Amino acid sequence: MKRVVLLIPFLFLFHSVFAGKSYDTLLYKLNDVLDKKQEYDEEKNLRIEKLEKYLNNTKTTDLNARYNIYLSLYDEYKSFNYDKAFYNVQKLQQTGHLLHDPVKVAYSKVKLGFILLSSGMFKEAFDSLKTVNVKLLNDSARKEYYFLNARTYYDLADFDKDNFYTPIYNSWASKYIDSAKTLCASNSFEYVYYSGLRYLKTGNTNMAVTNLQVLISHYKLTDHQFAVTASTLSDIYIRKNSPDSAINLLILAAMADVRSSTKEAAAMTNLAQLLYKSGDVKNAYIYIKKAMDDAIFYGARQRKLQVSAILPIIASDRINYEEEQKRALFFYASLLTILVCLVIAFAFIIYKQLQKLKIADKIILDTNHNLERSIIELNEANKIKEEYIGYYFNLISEYINKLDKFKRSVDNKLTTKRYEDIRVLVNNINLTKEREELFINFDRAFLKIFPNFVNGYNELFCEENRVKLLPNQLLNTDLRIFALVRLGINDTEKIAHILEYSVNTIYNYKTRIKSKSIIHNDEFDNAIMAIKAM
């Protein structure tokens, strides 16, 4: 199946495009294609299954139809599986003999030569090609025969690498190419490609590059054609000591081989070698393993030998690389463990310090809170003292004035010996009224400092137990008892003395009042103390 290679050709217009470029992005793309390798192989297997099913349904007497199916199966297998391709090419020959068609027999020998060459069996390939009666072939088959001979001699020359035989083989290959080109259109892929290949083998690399780049830049190539062209061009860049450019081309060629399910391709092997030389042992090992898997799958002897010679070297370096990675990982893991231990130790120390700081902060906050409360209480106490000192100075001043007036009256009465008037004057002193006036003055002074005392007091009781004062009444006895408590007088005896009640009476008052409260008895005095001054 033909695939059009889009956009890729424009990457190769000039050699400078590749110079110094990173191939990491292309490697990622190659890995993505390799991940889909099974899908591409399944597509090929589906095509093969259809052909085999078609073959099974074809009558054994319809030899021409069977010959064409064997040829189609061969085309699917020739770069995919050597054994299956060999089997089908044998069937081609057998069918050609049964048809008594020497042209078909000759053509099947050309096909046999191709897979023998692909498998690295040079002698067998030459033996098969020598038995071909070229005169029987049509132009298309004859062209294929000449190009196959050219490729066989070129591959043998590359395999021998002998100063004596290699030039001879290259010369014979060039003659076969010249013969094949006469049978091709000048703008065909075969004509342009093999012209470039001939230039390459004869040392004219500039013309070779031009031809190959024209194919990549301006021709719609199948994946297989693109892989062959890119691989050949990569050889030129290797010779020119431009490994990055060669690697880029080989990556693209390998991707095309995977997409076309070509198993006998050399692109993956050459890519692994270049990556290994560039120091990328990790990827080199991955791709040489892929190349070996393909070579084993196809059954290509030559390719297995090539890969087998490289694989142990790359694998050895891969093992060394992994050992170095393990040592580095162990070192960094140990270092990280030490750092983690240090972090934990410091975290523990910091945690302890933070706990101490929290305790200290709590102490400071509690101290500040107590200090603020003490300041408020002191300010309140100072205010109470100021108010009551002023109030009692005025009250005492009034009583001194009254005493002074009383003293002068008594003195006058004594001077005039009006003793009976003195008795009347003393009897006129109303202590009950004086005491009531004292309480009224106390109530006024207290409510001036604690204007919300009555409301705050009533909030400690439910509605039916709240104090309801008479008109013009400031405080009653219940309120005065706890007004004195709010002023800081907690001694029941002192309260009884001030209010001129017995201690038991004051105690009973307190007990009764607290029992009616909506809060606990032990918390009642604190609630009274919480009522704020003005």
# chains A, B, ... in the order shown; residues from 1 in each chain; ligands from 1
>>> select_by_dssp(residues="stretch 42-208 of chain A", states="helix (DSSP H, G or I)", output="short mmCIF file (atom, residue, chain, number, x, y, z; two decimals) with N, CA and C atoms, in the first residue's frame")
data_model
loop_
_atom_site.label_atom_id
_atom_site.label_comp_id
_atom_site.auth_asym_id
_atom_site.auth_seq_id
_atom_site.Cartn_x
_atom_site.Cartn_y
_atom_site.Cartn_z
N GLU A 42 -0.53 -5.78 11.77
CA GLU A 42 -1.87 -6.39 11.69
C GLU A 42 -2.56 -6.01 10.37
N GLU A 43 -2.32 -4.77 9.91
CA GLU A 43 -2.88 -4.34 8.63
C GLU A 43 -2.34 -5.22 7.49
N LYS A 44 -1.03 -5.47 7.53
CA LYS A 44 -0.42 -6.33 6.49
C LYS A 44 -0.98 -7.75 6.60
N ASN A 45 -1.06 -8.27 7.81
CA ASN A 45 -1.58 -9.62 7.99
C ASN A 45 -3.01 -9.75 7.50
N LEU A 46 -3.80 -8.68 7.67
CA LEU A 46 -5.17 -8.71 7.15
C LEU A 46 -5.19 -8.79 5.63
N ARG A 47 -4.28 -8.05 4.97
CA ARG A 47 -4.20 -8.11 3.51
C ARG A 47 -3.77 -9.53 3.07
N ILE A 48 -2.82 -10.10 3.81
CA ILE A 48 -2.35 -11.45 3.48
C ILE A 48 -3.46 -12.47 3.67
N GLU A 49 -4.22 -12.33 4.76
CA GLU A 49 -5.33 -13.27 5.01
C GLU A 49 -6.36 -13.22 3.89
N LYS A 50 -6.63 -12.01 3.39
CA LYS A 50 -7.60 -11.87 2.30
C LYS A 50 -7.10 -12.58 1.04
N LEU A 51 -5.78 -12.40 0.77
CA LEU A 51 -5.20 -13.04 -0.42
C LEU A 51 -5.22 -14.57 -0.28
N GLU A 52 -4.87 -15.05 0.91
CA GLU A 52 -4.85 -16.51 1.11
C GLU A 52 -6.27 -17.08 1.03
N LYS A 53 -7.24 -16.33 1.56
CA LYS A 53 -8.63 -16.77 1.46
C LYS A 53 -9.08 -16.80 0.00
N TYR A 54 -8.63 -15.78 -0.75
CA TYR A 54 -8.96 -15.71 -2.17
C TYR A 54 -8.31 -16.87 -2.92
N LEU A 55 -7.06 -17.21 -2.51
CA LEU A 55 -6.35 -18.33 -3.13
C LEU A 55 -7.07 -19.64 -2.86
N ASN A 56 -7.52 -19.83 -1.64
CA ASN A 56 -8.22 -21.07 -1.28
C ASN A 56 -9.54 -21.22 -2.03
N LEU A 63 -4.91 -21.70 -13.26
CA LEU A 63 -3.50 -21.48 -12.93
C LEU A 63 -3.08 -20.00 -13.08
N ASN A 64 -3.63 -19.31 -14.05
CA ASN A 64 -3.27 -17.89 -14.23
C ASN A 64 -3.70 -17.06 -13.01
N ALA A 65 -4.93 -17.31 -12.52
CA ALA A 65 -5.41 -16.58 -11.34
C ALA A 65 -4.54 -16.92 -10.13
N ARG A 66 -4.21 -18.20 -9.99
CA ARG A 66 -3.39 -18.62 -8.85
C ARG A 66 -1.98 -18.01 -8.95
N TYR A 67 -1.46 -17.93 -10.18
CA TYR A 67 -0.14 -17.31 -10.36
C TYR A 67 -0.15 -15.85 -9.87
N ASN A 68 -1.20 -15.13 -10.25
CA ASN A 68 -1.29 -13.71 -9.85
C ASN A 68 -1.44 -13.56 -8.33
N ILE A 69 -2.18 -14.50 -7.70
CA ILE A 69 -2.34 -14.43 -6.23
C ILE A 69 -1.02 -14.73 -5.55
N TYR A 70 -0.28 -15.75 -6.08
CA TYR A 70 1.04 -16.06 -5.52
C TYR A 70 1.97 -14.85 -5.66
N LEU A 71 1.85 -14.15 -6.77
CA LEU A 71 2.69 -12.97 -6.98
C LEU A 71 2.33 -11.87 -5.98
N SER A 72 1.03 -11.71 -5.72
CA SER A 72 0.59 -10.69 -4.73
C SER A 72 1.04 -11.07 -3.33
N LEU A 73 0.94 -12.36 -3.02
CA LEU A 73 1.41 -12.82 -1.71
C LEU A 73 2.91 -12.62 -1.58
N TYR A 74 3.63 -12.90 -2.63
CA TYR A 74 5.07 -12.69 -2.62
C TYR A 74 5.40 -11.22 -2.34
N ASP A 75 4.69 -10.32 -3.02
CA ASP A 75 4.94 -8.88 -2.82
C ASP A 75 4.69 -8.46 -1.37
N GLU A 76 3.69 -9.06 -0.73
CA GLU A 76 3.43 -8.74 0.67
C GLU A 76 4.51 -9.30 1.58
N TYR A 77 5.03 -10.49 1.23
CA TYR A 77 5.99 -11.17 2.11
C TYR A 77 7.45 -10.80 1.84
N TYR A 82 10.86 -13.92 5.10
CA TYR A 82 11.63 -14.61 4.06
C TYR A 82 11.04 -15.98 3.74
N ASP A 83 10.75 -16.77 4.75
CA ASP A 83 10.27 -18.14 4.52
C ASP A 83 8.98 -18.15 3.71
N LYS A 84 8.05 -17.26 4.10
CA LYS A 84 6.78 -17.21 3.38
C LYS A 84 6.97 -16.67 1.96
N ALA A 85 7.86 -15.69 1.82
CA ALA A 85 8.14 -15.16 0.48
C ALA A 85 8.78 -16.25 -0.39
N PHE A 86 9.73 -17.02 0.18
CA PHE A 86 10.39 -18.10 -0.56
C PHE A 86 9.38 -19.16 -0.98
N TYR A 87 8.46 -19.48 -0.08
CA TYR A 87 7.43 -20.48 -0.38
C TYR A 87 6.58 -20.01 -1.57
N ASN A 88 6.16 -18.77 -1.55
CA ASN A 88 5.28 -18.27 -2.61
C ASN A 88 6.01 -18.11 -3.94
N VAL A 89 7.32 -17.77 -3.88
CA VAL A 89 8.06 -17.66 -5.14
C VAL A 89 8.29 -19.05 -5.75
N GLN A 90 8.43 -20.08 -4.89
CA GLN A 90 8.50 -21.45 -5.40
C GLN A 90 7.18 -21.82 -6.07
N LYS A 91 6.08 -21.42 -5.44
CA LYS A 91 4.77 -21.67 -6.04
C LYS A 91 4.63 -20.94 -7.38
N LEU A 92 5.23 -19.74 -7.46
CA LEU A 92 5.22 -19.00 -8.73
C LEU A 92 5.90 -19.83 -9.82
N GLN A 93 7.09 -20.35 -9.48
CA GLN A 93 7.82 -21.14 -10.47
C GLN A 93 7.05 -22.39 -10.86
N GLN A 94 6.52 -23.08 -9.87
CA GLN A 94 5.77 -24.30 -10.16
C GLN A 94 4.58 -24.01 -11.07
N THR A 95 3.86 -22.93 -10.76
CA THR A 95 2.69 -22.57 -11.56
C THR A 95 3.10 -22.17 -12.97
N GLY A 96 4.25 -21.44 -13.08
CA GLY A 96 4.75 -21.08 -14.41
C GLY A 96 5.07 -22.31 -15.24
N HIS A 97 5.69 -23.34 -14.61
CA HIS A 97 6.00 -24.58 -15.33
C HIS A 97 4.72 -25.31 -15.73
N LEU A 98 3.73 -25.31 -14.80
CA LEU A 98 2.47 -25.98 -15.12
C LEU A 98 1.77 -25.30 -16.29
N PRO A 102 7.36 -19.89 -20.21
CA PRO A 102 8.75 -19.57 -19.85
C PRO A 102 8.92 -18.13 -19.36
N VAL A 103 8.05 -17.24 -19.81
CA VAL A 103 8.12 -15.84 -19.35
C VAL A 103 7.82 -15.77 -17.85
N LYS A 104 6.78 -16.46 -17.42
CA LYS A 104 6.42 -16.48 -16.00
C LYS A 104 7.48 -17.18 -15.18
N VAL A 105 8.07 -18.22 -15.74
CA VAL A 105 9.14 -18.93 -15.03
C VAL A 105 10.35 -18.01 -14.87
N ALA A 106 10.70 -17.28 -15.91
CA ALA A 106 11.84 -16.36 -15.86
C ALA A 106 11.59 -15.24 -14.85
N TYR A 107 10.38 -14.73 -14.87
CA TYR A 107 10.06 -13.63 -13.96
C TYR A 107 10.09 -14.10 -12.50
N SER A 108 9.64 -15.34 -12.27
CA SER A 108 9.66 -15.87 -10.90
C SER A 108 11.10 -16.03 -10.41
N LYS A 109 12.04 -16.29 -11.32
CA LYS A 109 13.45 -16.39 -10.93
C LYS A 109 14.01 -15.02 -10.52
N VAL A 110 13.53 -13.97 -11.17
CA VAL A 110 13.91 -12.61 -10.75
C VAL A 110 13.42 -12.33 -9.33
N LYS A 111 12.19 -12.72 -9.08
CA LYS A 111 11.62 -12.52 -7.74
C LYS A 111 12.38 -13.35 -6.71
N LEU A 112 12.79 -14.57 -7.09
CA LEU A 112 13.57 -15.40 -6.18
C LEU A 112 14.91 -14.74 -5.87
N GLY A 113 15.51 -14.16 -6.88
CA GLY A 113 16.79 -13.48 -6.67
C GLY A 113 16.69 -12.34 -5.68
N PHE A 114 15.58 -11.63 -5.70
CA PHE A 114 15.41 -10.50 -4.78
C PHE A 114 15.42 -10.95 -3.32
N ILE A 115 14.63 -12.00 -3.00
CA ILE A 115 14.57 -12.40 -1.59
C ILE A 115 15.86 -13.10 -1.16
N LEU A 116 16.52 -13.80 -2.09
CA LEU A 116 17.81 -14.40 -1.74
C LEU A 116 18.82 -13.31 -1.40
N LEU A 117 18.80 -12.24 -2.17
CA LEU A 117 19.70 -11.10 -1.88
C LEU A 117 19.32 -10.45 -0.56
N SER A 118 18.03 -10.27 -0.34
CA SER A 118 17.58 -9.64 0.91
C SER A 118 17.98 -10.46 2.13
N PHE A 122 24.23 -14.32 -1.32
CA PHE A 122 24.73 -13.75 -2.57
C PHE A 122 24.90 -14.82 -3.65
N LYS A 123 25.53 -15.95 -3.30
CA LYS A 123 25.77 -16.99 -4.30
C LYS A 123 24.47 -17.48 -4.89
N GLU A 124 23.51 -17.80 -4.02
CA GLU A 124 22.23 -18.30 -4.48
C GLU A 124 21.50 -17.27 -5.34
N ALA A 125 21.64 -15.99 -4.95
CA ALA A 125 21.01 -14.93 -5.74
C ALA A 125 21.60 -14.87 -7.15
N PHE A 126 22.95 -14.93 -7.24
CA PHE A 126 23.59 -14.91 -8.56
C PHE A 126 23.20 -16.14 -9.37
N ASP A 127 23.16 -17.32 -8.70
CA ASP A 127 22.79 -18.54 -9.39
C ASP A 127 21.40 -18.43 -10.00
N SER A 128 20.48 -17.85 -9.24
CA SER A 128 19.11 -17.72 -9.73
C SER A 128 19.04 -16.73 -10.90
N LEU A 129 19.74 -15.61 -10.77
CA LEU A 129 19.68 -14.57 -11.81
C LEU A 129 20.35 -15.02 -13.10
N LYS A 130 21.39 -15.88 -12.98
CA LYS A 130 22.10 -16.35 -14.18
C LYS A 130 21.23 -17.26 -15.04
N VAL A 134 16.81 -13.42 -20.20
CA VAL A 134 16.42 -12.01 -20.22
C VAL A 134 15.59 -11.67 -21.44
N LYS A 135 15.84 -12.32 -22.55
CA LYS A 135 15.14 -11.99 -23.79
C LYS A 135 13.64 -12.25 -23.68
N LEU A 136 13.26 -13.15 -22.77
CA LEU A 136 11.83 -13.46 -22.61
C LEU A 136 11.08 -12.40 -21.83
N ASP A 139 9.76 -5.19 -20.92
CA ASP A 139 10.63 -4.08 -20.51
C ASP A 139 10.58 -3.86 -18.99
N SER A 140 9.39 -3.96 -18.41
CA SER A 140 9.26 -3.72 -16.98
C SER A 140 10.01 -4.78 -16.18
N ALA A 141 9.86 -6.06 -16.57
CA ALA A 141 10.54 -7.14 -15.88
C ALA A 141 12.04 -7.08 -16.11
N ARG A 142 12.45 -6.73 -17.37
CA ARG A 142 13.88 -6.63 -17.68
C ARG A 142 14.53 -5.51 -16.86
N LYS A 143 13.82 -4.38 -16.75
CA LYS A 143 14.32 -3.27 -15.92
C LYS A 143 14.52 -3.73 -14.48
N GLU A 144 13.55 -4.45 -13.95
CA GLU A 144 13.65 -4.98 -12.59
C GLU A 144 14.84 -5.92 -12.46
N TYR A 145 15.05 -6.75 -13.53
CA TYR A 145 16.18 -7.69 -13.52
C TYR A 145 17.52 -6.94 -13.47
N TYR A 146 17.65 -5.91 -14.28
CA TYR A 146 18.92 -5.16 -14.32
C TYR A 146 19.18 -4.45 -12.98
N PHE A 147 18.15 -3.80 -12.45
CA PHE A 147 18.33 -3.09 -11.16
C PHE A 147 18.67 -4.07 -10.04
N LEU A 148 18.07 -5.27 -10.08
CA LEU A 148 18.36 -6.26 -9.06
C LEU A 148 19.81 -6.73 -9.16
N ASN A 149 20.31 -6.93 -10.38
CA ASN A 149 21.71 -7.30 -10.55
C ASN A 149 22.63 -6.19 -10.05
N ALA A 150 22.26 -4.94 -10.35
CA ALA A 150 23.06 -3.81 -9.88
C ALA A 150 23.11 -3.78 -8.35
N ARG A 151 21.99 -3.96 -7.73
CA ARG A 151 21.95 -3.95 -6.27
C ARG A 151 22.75 -5.12 -5.70
N THR A 152 22.67 -6.28 -6.33
CA THR A 152 23.40 -7.45 -5.84
C THR A 152 24.90 -7.18 -5.86
N TYR A 153 25.40 -6.61 -6.95
CA TYR A 153 26.84 -6.31 -7.03
C TYR A 153 27.23 -5.20 -6.04
N TYR A 154 26.38 -4.19 -5.88
CA TYR A 154 26.69 -3.12 -4.91
C TYR A 154 26.74 -3.68 -3.48
N ASP A 155 25.75 -4.53 -3.13
CA ASP A 155 25.73 -5.11 -1.78
C ASP A 155 26.93 -6.02 -1.55
N LEU A 156 27.33 -6.76 -2.61
CA LEU A 156 28.49 -7.65 -2.48
C LEU A 156 29.77 -6.81 -2.31
N ALA A 157 29.84 -5.70 -3.03
CA ALA A 157 31.00 -4.82 -2.90
C ALA A 157 31.09 -4.24 -1.49
N ASP A 158 29.92 -3.82 -0.93
CA ASP A 158 29.91 -3.28 0.44
C ASP A 158 30.23 -4.36 1.45
N PHE A 159 29.81 -5.60 1.18
CA PHE A 159 30.06 -6.69 2.10
C PHE A 159 31.55 -7.07 2.12
N ASP A 160 32.17 -7.14 0.92
CA ASP A 160 33.59 -7.54 0.84
C ASP A 160 34.52 -6.45 1.34
N TYR A 165 38.41 -6.42 -5.36
CA TYR A 165 37.13 -6.86 -5.90
C TYR A 165 36.03 -5.80 -5.84
N THR A 166 36.04 -4.96 -4.82
CA THR A 166 34.96 -3.96 -4.67
C THR A 166 34.83 -3.05 -5.89
N PRO A 167 35.93 -2.46 -6.43
CA PRO A 167 35.79 -1.64 -7.64
C PRO A 167 35.22 -2.42 -8.83
N ILE A 168 35.59 -3.71 -8.94
CA ILE A 168 35.08 -4.52 -10.05
C ILE A 168 33.57 -4.69 -9.92
N TYR A 169 33.12 -5.05 -8.71
CA TYR A 169 31.69 -5.23 -8.48
C TYR A 169 30.91 -3.93 -8.70
N ASN A 170 31.47 -2.81 -8.27
CA ASN A 170 30.82 -1.51 -8.48
C ASN A 170 30.72 -1.19 -9.97
N SER A 171 31.75 -1.56 -10.72
CA SER A 171 31.74 -1.30 -12.17
C SER A 171 30.66 -2.11 -12.87
N TRP A 172 30.54 -3.40 -12.49
CA TRP A 172 29.50 -4.22 -13.08
C TRP A 172 28.11 -3.70 -12.70
N ALA A 173 27.98 -3.27 -11.45
CA ALA A 173 26.69 -2.73 -11.00
C ALA A 173 26.31 -1.50 -11.81
N SER A 174 27.28 -0.62 -12.07
CA SER A 174 27.01 0.60 -12.84
C SER A 174 26.53 0.27 -14.25
N LYS A 175 27.12 -0.79 -14.86
CA LYS A 175 26.71 -1.18 -16.21
C LYS A 175 25.27 -1.67 -16.20
N TYR A 176 24.90 -2.44 -15.18
CA TYR A 176 23.51 -2.90 -15.08
C TYR A 176 22.55 -1.72 -14.90
N ILE A 177 22.99 -0.72 -14.11
CA ILE A 177 22.13 0.46 -13.93
C ILE A 177 21.94 1.18 -15.25
N ASP A 178 23.03 1.32 -16.00
CA ASP A 178 22.92 2.01 -17.31
C ASP A 178 21.96 1.27 -18.23
N SER A 179 21.99 -0.07 -18.18
CA SER A 179 21.08 -0.85 -19.01
C SER A 179 19.64 -0.65 -18.55
N ALA A 180 19.41 -0.63 -17.24
CA ALA A 180 18.05 -0.47 -16.71
C ALA A 180 17.50 0.91 -17.01
N LYS A 181 18.36 1.95 -16.94
CA LYS A 181 17.90 3.33 -17.16
C LYS A 181 17.35 3.53 -18.57
N PHE A 189 10.88 7.30 -10.55
CA PHE A 189 11.63 7.14 -9.30
C PHE A 189 12.87 6.30 -9.52
N GLU A 190 12.72 5.16 -10.27
CA GLU A 190 13.86 4.26 -10.46
C GLU A 190 15.00 4.98 -11.17
N TYR A 191 14.67 5.75 -12.20
CA TYR A 191 15.72 6.43 -12.99
C TYR A 191 16.48 7.41 -12.11
N VAL A 192 15.75 8.26 -11.35
CA VAL A 192 16.41 9.29 -10.54
C VAL A 192 17.17 8.65 -9.38
N TYR A 193 16.55 7.65 -8.72
CA TYR A 193 17.20 7.03 -7.56
C TYR A 193 18.48 6.31 -7.97
N TYR A 194 18.38 5.44 -8.99
CA TYR A 194 19.56 4.65 -9.36
C TYR A 194 20.64 5.50 -10.01
N SER A 195 20.24 6.63 -10.61
CA SER A 195 21.26 7.58 -11.09
C SER A 195 22.03 8.15 -9.91
N GLY A 196 21.29 8.52 -8.86
CA GLY A 196 21.94 9.02 -7.65
C GLY A 196 22.82 7.97 -7.01
N LEU A 197 22.34 6.71 -6.97
CA LEU A 197 23.13 5.62 -6.40
C LEU A 197 24.41 5.40 -7.20
N ARG A 198 24.30 5.48 -8.53
CA ARG A 198 25.49 5.32 -9.39
C ARG A 198 26.49 6.43 -9.14
N TYR A 199 25.98 7.68 -9.00
CA TYR A 199 26.88 8.81 -8.68
C TYR A 199 27.60 8.57 -7.36
N LEU A 200 26.85 8.06 -6.40
CA LEU A 200 27.43 7.81 -5.07
C LEU A 200 28.55 6.79 -5.15
N LYS A 201 28.32 5.68 -5.88
CA LYS A 201 29.31 4.61 -5.93
C LYS A 201 30.53 5.00 -6.75
N THR A 205 29.57 12.57 -5.08
CA THR A 205 28.57 12.70 -4.00
C THR A 205 27.66 13.90 -4.18
N ASN A 206 28.17 14.98 -4.78
CA ASN A 206 27.32 16.17 -4.95
C ASN A 206 26.14 15.88 -5.86
N MET A 207 26.41 15.19 -6.98
CA MET A 207 25.31 14.83 -7.88
C MET A 207 24.39 13.80 -7.22
N ALA A 208 24.98 12.92 -6.42
CA ALA A 208 24.17 11.93 -5.72
C ALA A 208 23.20 12.61 -4.76
#
>>> closest_residue(among="A:Asp41, A:Asp244, A:Asp366, A:Asp491", to="A:Leu26", atoms="only C-alpha atoms")
A:Asp244
>>> residues_around(residues="stretch 442-454 of chain A", least_positions_apart="5", cutoff="7 Å", atoms="only C-alpha atoms", output="PyMOL selection string")
chain A and resi 384+474-475+531-534
>>> atom_distance(atom1="atom CA of A:Lys289", atom2="atom CA of A:Asp35")
14.4 Å
